[in-house]
file structure-v5.txt (compact mmCIF, C-alpha atoms)
# COMPACT_ATOMS: atom_id res chain seq x y z
CA MET A 1 172.63 102.78 161.41
CA ILE A 2 169.51 104.86 160.71
CA VAL A 3 165.91 104.68 161.89
CA ILE A 4 163.03 105.23 159.48
CA ASP A 5 159.46 106.13 160.26
CA THR A 6 156.54 104.32 158.63
CA SER A 7 155.98 107.41 156.44
CA ILE A 8 159.27 106.58 154.68
CA ALA A 9 158.45 102.89 154.26
CA PHE A 10 155.19 103.88 152.52
CA LYS A 11 157.30 105.58 149.84
CA TRP A 12 159.14 102.35 148.99
CA PHE A 13 155.87 100.80 147.89
CA ASN A 14 154.42 103.60 145.77
CA THR A 15 156.29 105.31 142.94
CA VAL A 16 154.04 108.38 142.97
CA GLU A 17 154.89 109.20 146.59
CA PRO A 18 156.92 112.42 146.88
CA GLY A 19 160.50 111.53 147.76
CA PHE A 20 160.22 108.01 146.34
CA GLU A 21 163.76 108.06 144.91
CA LYS A 22 165.32 109.41 148.12
CA ALA A 23 163.52 106.78 150.18
CA ILE A 24 164.58 104.02 147.79
CA SER A 25 168.18 105.15 148.04
CA LEU A 26 168.07 104.62 151.83
CA LEU A 27 166.76 101.12 151.20
CA GLU A 28 169.48 100.50 148.63
CA GLN A 29 172.15 101.44 151.17
CA HIS A 30 170.61 99.00 153.64
CA LEU A 31 170.52 96.18 151.10
CA GLN A 32 174.11 96.85 150.06
CA GLN A 33 175.01 96.70 153.77
CA LYS A 34 176.38 100.24 153.73
CA GLU A 35 173.80 101.28 156.31
CA THR A 36 171.48 99.32 158.58
CA ILE A 37 167.86 100.37 158.84
CA LEU A 38 166.45 99.90 162.32
CA VAL A 39 162.70 100.04 162.93
CA PRO A 40 160.32 99.27 165.78
CA ASP A 41 157.98 96.32 165.20
CA LEU A 42 155.24 98.97 165.28
CA LEU A 43 156.18 99.87 161.68
CA ILE A 44 154.90 96.51 160.44
CA TYR A 45 151.54 96.98 162.20
CA GLU A 46 151.19 100.50 160.82
CA LEU A 47 151.99 99.54 157.25
CA THR A 48 149.66 96.56 157.38
CA ASN A 49 146.84 98.52 158.95
CA ALA A 50 147.12 101.45 156.55
CA TRP A 51 147.32 99.30 153.41
CA THR A 52 144.50 97.06 154.60
CA THR A 53 142.01 99.58 155.97
CA LYS A 54 142.87 102.82 154.21
CA THR A 55 143.57 101.84 150.60
CA SER A 56 141.90 99.80 147.90
CA LEU A 57 144.78 97.31 147.75
CA THR A 58 143.54 93.73 147.78
CA TYR A 59 144.61 91.16 150.37
CA LYS A 60 146.88 89.63 147.72
CA GLU A 61 148.58 92.96 147.05
CA VAL A 62 149.05 93.72 150.76
CA SER A 63 150.42 90.23 151.24
CA LYS A 64 152.90 90.73 148.36
CA ASN A 65 154.11 93.99 149.91
CA LEU A 66 154.64 92.30 153.27
CA LEU A 67 156.46 89.31 151.80
CA LEU A 68 158.82 91.68 150.03
CA LEU A 69 159.29 93.77 153.17
CA GLU A 70 160.22 90.59 155.04
CA ARG A 71 162.92 89.80 152.48
CA VAL A 72 164.46 93.24 152.88
CA LYS A 73 165.48 92.17 156.39
CA LEU A 74 165.18 95.40 158.31
CA LYS A 75 166.59 95.27 161.83
CA ILE A 76 163.47 95.10 163.98
CA GLN A 77 163.36 96.31 167.55
CA PRO A 78 160.59 94.62 169.52
CA VAL A 79 158.42 96.50 171.96
CA SER A 80 159.62 96.61 175.57
CA PHE A 81 158.36 98.23 178.76
CA ASN A 82 161.53 100.28 178.95
CA LEU A 83 161.05 101.60 175.41
CA CYS A 84 157.43 102.47 176.16
CA ARG A 85 158.33 104.29 179.38
CA LYS A 86 160.89 106.41 177.54
CA ALA A 87 158.42 107.04 174.70
CA SER A 88 155.81 108.16 177.20
CA GLN A 89 158.25 110.64 178.71
CA LEU A 90 159.19 112.06 175.30
CA ALA A 91 155.55 112.19 174.17
CA LYS A 92 154.61 114.18 177.27
CA LYS A 93 157.49 116.57 176.78
CA TYR A 94 156.77 117.37 173.10
CA HIS A 95 153.02 116.66 172.96
CA LEU A 96 153.49 113.76 170.56
CA SER A 97 151.65 110.50 170.18
CA VAL A 98 153.51 107.63 171.84
CA TYR A 99 153.68 106.01 168.40
CA ASP A 100 155.72 108.95 167.06
CA ALA A 101 157.83 109.02 170.20
CA ILE A 102 158.78 105.33 169.88
CA TYR A 103 160.72 106.08 166.68
CA ALA A 104 162.43 109.11 168.23
CA VAL A 105 163.46 107.16 171.33
CA ILE A 106 164.97 104.35 169.26
CA ALA A 107 166.95 106.85 167.16
CA LYS A 108 168.10 108.75 170.25
CA GLU A 109 169.13 105.59 172.10
CA ASN A 110 171.12 104.35 169.12
CA LYS A 111 172.59 107.79 168.40
CA CYS A 112 171.43 107.77 164.79
CA TYR A 113 169.26 109.81 162.42
CA LEU A 114 165.52 109.30 162.22
CA TYR A 115 164.09 109.78 158.72
CA THR A 116 160.46 110.81 158.42
CA ALA A 117 158.15 112.39 155.86
CA ASP A 118 156.33 114.26 158.58
CA ALA A 119 157.66 117.83 158.72
CA LYS A 120 155.32 118.67 161.61
CA PHE A 121 156.93 115.95 163.70
CA LYS A 122 160.29 117.61 163.16
CA SER A 123 159.01 121.14 163.85
CA LYS A 124 157.16 120.05 166.99
CA THR A 125 160.26 118.58 168.58
CA ASN A 126 163.08 120.36 166.78
CA LEU A 127 165.25 117.35 167.61
CA ALA A 128 168.53 117.59 165.71
CA PHE A 129 168.63 113.92 164.76
CA ILE A 130 165.35 114.04 162.81
CA ARG A 131 165.67 114.32 159.01
CA VAL A 132 162.69 115.03 156.77
CA ILE A 133 162.27 113.50 153.31
CA GLN A 134 159.39 114.86 151.25
CA MET B 1 177.12 68.10 144.90
CA ASP B 2 176.09 66.02 147.90
CA PHE B 3 172.40 65.63 148.58
CA ILE B 4 170.66 64.93 151.85
CA THR B 5 167.36 63.08 151.89
CA THR B 6 164.74 64.59 154.15
CA ASN B 7 161.00 64.74 154.69
CA ILE B 8 159.25 68.07 154.40
CA ARG B 9 155.62 69.02 155.01
CA LEU B 10 154.01 71.22 152.36
CA PRO B 11 150.55 72.73 152.10
CA GLU B 12 148.46 70.41 149.90
CA GLU B 13 147.84 73.10 147.29
CA ASP B 14 151.57 73.90 146.94
CA TYR B 15 152.36 70.20 146.70
CA ARG B 16 149.85 69.72 143.85
CA GLU B 17 151.23 72.74 141.98
CA LEU B 18 154.81 71.50 142.31
CA LYS B 19 153.84 67.97 141.25
CA LYS B 20 152.02 69.36 138.23
CA GLU B 21 155.03 71.45 137.23
CA ALA B 22 157.36 68.46 137.65
CA TYR B 23 155.06 66.29 135.50
CA HIS B 24 154.81 68.84 132.69
CA ARG B 25 158.54 69.51 132.65
CA ARG B 26 159.37 65.81 133.05
CA ILE B 27 161.67 66.42 135.98
CA SER B 28 161.51 65.21 139.57
CA LEU B 29 159.63 66.99 142.32
CA SER B 30 162.97 67.37 144.14
CA ALA B 31 164.49 69.12 141.12
CA VAL B 32 161.59 71.58 140.98
CA ILE B 33 161.97 72.41 144.67
CA ARG B 34 165.76 72.83 144.31
CA GLU B 35 165.21 75.22 141.38
CA LYS B 36 162.74 77.28 143.41
CA LEU B 37 165.22 77.54 146.28
CA THR B 38 168.00 78.70 143.95
CA ALA B 39 165.69 81.25 142.32
CA THR B 40 164.78 82.66 145.75
CA GLN B 41 168.46 83.00 146.66
CA ILE B 42 169.23 84.80 143.37
CA LYS B 43 166.28 87.13 143.85
CA SER B 44 167.61 88.08 147.28
CA ASP B 45 170.65 89.91 145.93
CA PRO B 46 170.40 93.69 146.56
CA LEU B 47 169.95 94.82 142.98
CA SER B 48 167.21 92.36 142.13
CA LEU B 49 165.45 93.06 145.42
CA ILE B 50 165.44 96.79 144.67
CA SER B 51 164.10 96.12 141.21
CA GLU B 52 161.36 93.95 142.72
CA VAL B 53 160.46 96.72 145.18
CA LYS B 54 160.28 99.23 142.30
CA LYS B 55 158.13 96.86 140.28
CA ILE B 56 155.67 96.40 143.14
CA ALA B 57 155.73 100.14 143.86
CA GLU B 58 154.85 100.80 140.21
CA SER B 59 152.00 98.33 140.38
CA ASN B 60 150.70 99.73 143.70
CA SER B 61 150.84 103.28 142.36
CA LYS B 62 147.86 102.59 140.08
CA LYS B 63 145.68 102.24 143.16
CA LEU B 64 147.57 104.63 145.43
CA LYS B 65 148.06 107.63 143.16
CA ASN B 66 145.57 109.80 145.07
CA TRP B 67 146.24 108.28 148.46
CA ASN B 68 147.79 110.47 151.14
CA SER B 69 149.86 108.05 153.19
CA LEU B 70 150.97 110.70 155.68
CA GLN B 71 147.38 111.66 156.41
CA ALA B 72 146.49 107.99 156.86
CA LEU B 73 149.37 107.57 159.28
CA ARG B 74 148.33 110.64 161.26
CA GLU B 75 144.81 109.22 161.57
CA ILE B 76 146.17 105.93 162.86
CA ARG B 77 148.51 107.59 165.35
CA ASP B 78 146.35 110.50 166.51
CA SER B 79 142.90 108.94 166.48
CA GLY B 80 143.70 105.25 166.66
CA LYS B 81 141.76 104.66 163.44

call {"tool": "encode", "arguments": {"input": "structure-v5.txt", "output": "structure tokens"}}
result
Amino acid sequence: MIVIDTSIAFKWFNTVEPGFEKAISLLEQHLQQKETILVPDLLIYELTNAWTTKTSLTYKEVSKNLLLLERVKLKIQPVSFNLCRKASQLAKKYHLSVYDAIYAVIAKENKCYLYTADAKFKSKTNLAFIRVIQ
Amino acid sequence: MDFITTNIRLPEEDYRELKKEAYHRRISLSAVIREKLTATQIKSDPLSLISEVKKIAESNSKKLKNWNSLQALREIRDSGK
């Protein structure tokens, strides 16, 4: 099992993103059931918000992306008070946003790698289970 | 193959589209719906899903070529924008 950050999911939907092929290969492994991709439900909000409010994609295009994402059947971890408490603790420790910390907590709890495109996230925490794809 | 008869509720617009397709192809509405279901199942195999993702990614890239997704994500997470 692996956890991916929203920054990796963005790459799946845009061929000009740096690291597109590497990100797609993670998705391929998930679809071939060689590896399960686990994400917090937060990822869906972040993708939707970014595509809707920060790009020129139309509603139809955003909707297409989401329908396809749904079919990929990621393993989705819903929010919980316990998860948020742990994320708050980690965020305080490393001066992160709670949103960043949520991904790290899920990866830590499941003893798996967290893939992100955010090198600063890795350098801020220096957590061994964080892998950067750029 | 055994068939089961059932009632389903469809959005009016989808129903009209399916009826139209059935009329033009001279097949039953049921046959059209069965074909659509089979097509969806076929499209869900890993290789075709990946190729669909790549196709959409290619199409999105026309509008997203100068977009910095990481910066957008940082704005959302750091400033709540």

call {"tool": "interface_residues", "arguments": {"input": "structure-v5.txt", "of": "chain B", "to": "chain A", "cutoff": "12 Å", "atoms": "only C-alpha atoms", "output": "ChimeraX atom specification"}}
result
/B:40-41,43-81

call {"tool": "atom_distance", "arguments": {"input": "structure-v5.txt", "atom1": "CA of Leu38 in chain A", "atom2": "CA of Thr38 in chain B"}}
result
28.1 Å

call {"tool": "residues_around", "arguments": {"input": "structure-v5.txt", "residues": "Asn110 in chain A", "least_positions_apart": "3", "cutoff": "12 Å", "atoms": "all atoms listed in the file", "output": "short mmCIF file (atom, residue, chain, number, x, y, z; two decimals) with C-alpha atoms, in the coordinates of the input"}}
result
data_model
loop_
_atom_site.label_atom_id
_atom_site.label_comp_id
_atom_site.auth_asym_id
_atom_site.auth_seq_id
_atom_site.Cartn_x
_atom_site.Cartn_y
_atom_site.Cartn_z
CA MET A 1 172.63 102.78 161.41
CA ILE A 2 169.51 104.86 160.71
CA VAL A 3 165.91 104.68 161.89
CA THR A 36 171.48 99.32 158.58
CA ILE A 37 167.86 100.37 158.84
CA LEU A 38 166.45 99.90 162.32
CA VAL A 39 162.70 100.04 162.93
CA GLN A 77 163.36 96.31 167.55
CA TYR A 103 160.72 106.08 166.68
CA ALA A 104 162.43 109.11 168.23
CA VAL A 105 163.46 107.16 171.33
CA ILE A 106 164.97 104.35 169.26
CA ALA A 107 166.95 106.85 167.16
CA TYR A 113 169.26 109.81 162.42
CA LEU A 114 165.52 109.30 162.22
CA PHE A 129 168.63 113.92 164.76
#

call {"tool": "atom_distance", "arguments": {"input": "structure-v5.txt", "atom1": "CA of Val79 in chain A", "atom2": "CA of Asp5 in chain A"}}
result
15.2 Å

call {"tool": "axis_aligned_box", "arguments": {"input": "structure-v5.txt", "around": "range 1-18 of chain B", "padding_each_side": "6 Å", "output": "AutoDock Vina command-line options"}}
result
--center_x 162.5 --center_y 68.5 --center_z 148.5 --size_x 41.3 --size_y 22.8 --size_z 25.0

call {"tool": "residues_around", "arguments": {"input": "structure-v5.txt", "residues": "Tyr115 in chain A", "least_positions_apart": "2", "cutoff": "6 Å", "atoms": "all atoms listed in the file", "output": "list in words"}}
result
Ile4, Arg131 and Val132 of chain A

call {"tool": "atom_distance", "arguments": {"input": "structure-v5.txt", "atom1": "CA of Asp2 in chain B", "atom2": "CA of Lys19 in chain B"}}
result
23.3 Å
